[in-house]
Amino acid sequence: SNLFRVLPIIALSYSCVPLMIEVRRTLERRIASRNQVEASWRIVSITSFAASGFFYIMTGMLGYVAFRGSTSAN
């Protein structure tokens, strides 16, 4: 029964992979130089990981603030 709780999280965590492939193809079509594609891809990757990390941290902090009184220590 615990597997059914985790399954949606696993399924949704990989939903960005097709989007990354499409972004890469769009960069390759619009930019002629291979070096420029790699530089742009590096910027896109770092920015997306930073934004994702920021939202994970903010969600964790807000969850801690919202539920700190009703949770117990490990």
# chains A, B, ... in the order shown; residues from 1 in each chain; ligands from 1

call {"tool": "residues_around", "arguments": {"residues": "segment 30-47 of chain A", "least_positions_apart": "5", "cutoff": "12 Å", "atoms": "only C-alpha atoms", "output": "number ranges by chain"}}
result
A: 16-17, 20-25, 52-54

call {"tool": "write_last_selection", "arguments": {"atoms": "all heavy atoms", "output": "mmCIF file, in the first residue's frame"}}
result
data_model
loop_
_atom_site.group_PDB
_atom_site.id
_atom_site.type_symbol
_atom_site.label_atom_id
_atom_site.label_comp_id
_atom_site.auth_asym_id
_atom_site.auth_seq_id
_atom_site.Cartn_x
_atom_site.Cartn_y
_atom_site.Cartn_z
ATOM 1 N N CYS A 16 9.579 16.121 -16.655
ATOM 2 C CA CYS A 16 10.296 17.214 -17.315
ATOM 3 C C CYS A 16 11.263 16.715 -18.386
ATOM 4 O O CYS A 16 11.738 17.507 -19.191
ATOM 5 C CB CYS A 16 11.047 18.050 -16.290
ATOM 6 S SG CYS A 16 12.383 17.169 -15.491
ATOM 7 N N VAL A 17 11.568 15.430 -18.429
ATOM 8 C CA VAL A 17 12.553 14.914 -19.380
ATOM 9 C C VAL A 17 12.146 15.160 -20.830
ATOM 10 O O VAL A 17 12.952 15.649 -21.618
ATOM 11 C CB VAL A 17 12.834 13.417 -19.096
ATOM 12 C CG1 VAL A 17 13.713 12.814 -20.171
ATOM 13 C CG2 VAL A 17 13.476 13.268 -17.732
ATOM 14 N N MET A 20 12.807 18.772 -21.664
ATOM 15 C CA MET A 20 14.218 19.109 -21.849
ATOM 16 C C MET A 20 14.698 18.732 -23.251
ATOM 17 O O MET A 20 15.474 19.457 -23.863
ATOM 18 C CB MET A 20 15.078 18.425 -20.783
ATOM 19 C CG MET A 20 14.871 18.988 -19.404
ATOM 20 S SD MET A 20 15.886 18.186 -18.163
ATOM 21 C CE MET A 20 17.506 18.731 -18.639
ATOM 22 N N ILE A 21 14.213 17.602 -23.757
ATOM 23 C CA ILE A 21 14.588 17.179 -25.112
ATOM 24 C C ILE A 21 14.074 18.189 -26.132
ATOM 25 O O ILE A 21 14.793 18.560 -27.069
ATOM 26 C CB ILE A 21 14.055 15.761 -25.387
ATOM 27 C CG1 ILE A 21 14.763 14.752 -24.481
ATOM 28 C CG2 ILE A 21 14.216 15.402 -26.849
ATOM 29 C CD1 ILE A 21 14.135 13.380 -24.483
ATOM 30 N N GLU A 22 12.859 18.669 -25.941
ATOM 31 C CA GLU A 22 12.287 19.646 -26.869
ATOM 32 C C GLU A 22 13.021 20.983 -26.795
ATOM 33 O O GLU A 22 13.253 21.625 -27.822
ATOM 34 C CB GLU A 22 10.805 19.842 -26.571
ATOM 35 C CG GLU A 22 10.103 20.720 -27.563
ATOM 36 C CD GLU A 22 10.129 20.170 -28.977
ATOM 37 O OE1 GLU A 22 10.116 18.939 -29.146
ATOM 38 O OE2 GLU A 22 10.154 20.979 -29.929
ATOM 39 N N VAL A 23 13.414 21.401 -25.611
ATOM 40 C CA VAL A 23 14.184 22.649 -25.463
ATOM 41 C C VAL A 23 15.521 22.514 -26.170
ATOM 42 O O VAL A 23 15.970 23.423 -26.871
ATOM 43 C CB VAL A 23 14.370 23.007 -23.970
ATOM 44 C CG1 VAL A 23 15.384 24.134 -23.798
ATOM 45 C CG2 VAL A 23 13.049 23.400 -23.356
ATOM 46 N N ARG A 24 16.162 21.373 -26.017
ATOM 47 C CA ARG A 24 17.451 21.145 -26.683
ATOM 48 C C ARG A 24 17.305 21.194 -28.211
ATOM 49 O O ARG A 24 18.112 21.798 -28.910
ATOM 50 C CB ARG A 24 18.026 19.803 -26.236
ATOM 51 C CG ARG A 24 19.311 19.383 -26.883
ATOM 52 C CD ARG A 24 20.447 20.219 -26.440
ATOM 53 N NE ARG A 24 21.660 19.856 -27.144
ATOM 54 C CZ ARG A 24 22.846 19.878 -26.611
ATOM 55 N NH1 ARG A 24 23.013 20.247 -25.374
ATOM 56 N NH2 ARG A 24 23.891 19.554 -27.317
ATOM 57 N N ARG A 25 16.276 20.555 -28.737
ATOM 58 C CA ARG A 25 16.048 20.570 -30.189
ATOM 59 C C ARG A 25 15.777 21.987 -30.692
ATOM 60 O O ARG A 25 16.243 22.367 -31.766
ATOM 61 C CB ARG A 25 14.873 19.673 -30.549
ATOM 62 C CG ARG A 25 15.200 18.222 -30.479
ATOM 63 C CD ARG A 25 14.033 17.412 -30.943
ATOM 64 N NE ARG A 25 14.254 16.008 -30.648
ATOM 65 C CZ ARG A 25 13.288 15.135 -30.476
ATOM 66 N NH1 ARG A 25 12.027 15.500 -30.586
ATOM 67 N NH2 ARG A 25 13.562 13.890 -30.220
ATOM 68 N N SER A 52 14.451 25.092 -9.603
ATOM 69 C CA SER A 52 13.844 23.929 -8.969
ATOM 70 C C SER A 52 14.310 23.800 -7.523
ATOM 71 O O SER A 52 13.498 23.557 -6.619
ATOM 72 C CB SER A 52 14.207 22.674 -9.748
ATOM 73 O OG SER A 52 13.707 21.531 -9.114
ATOM 74 N N GLY A 53 15.592 23.958 -7.291
ATOM 75 C CA GLY A 53 16.123 23.896 -5.930
ATOM 76 C C GLY A 53 15.541 24.970 -5.034
ATOM 77 O O GLY A 53 15.215 24.720 -3.871
ATOM 78 N N PHE A 54 15.388 26.176 -5.571
ATOM 79 C CA PHE A 54 14.808 27.271 -4.812
ATOM 80 C C PHE A 54 13.384 26.919 -4.363
ATOM 81 O O PHE A 54 13.021 27.112 -3.200
ATOM 82 C CB PHE A 54 14.800 28.551 -5.654
ATOM 83 C CG PHE A 54 14.038 29.681 -5.030
ATOM 84 C CD1 PHE A 54 14.580 30.403 -3.983
ATOM 85 C CD2 PHE A 54 12.781 30.008 -5.496
ATOM 86 C CE1 PHE A 54 13.871 31.437 -3.397
ATOM 87 C CE2 PHE A 54 12.064 31.039 -4.923
ATOM 88 C CZ PHE A 54 12.614 31.755 -3.869
#
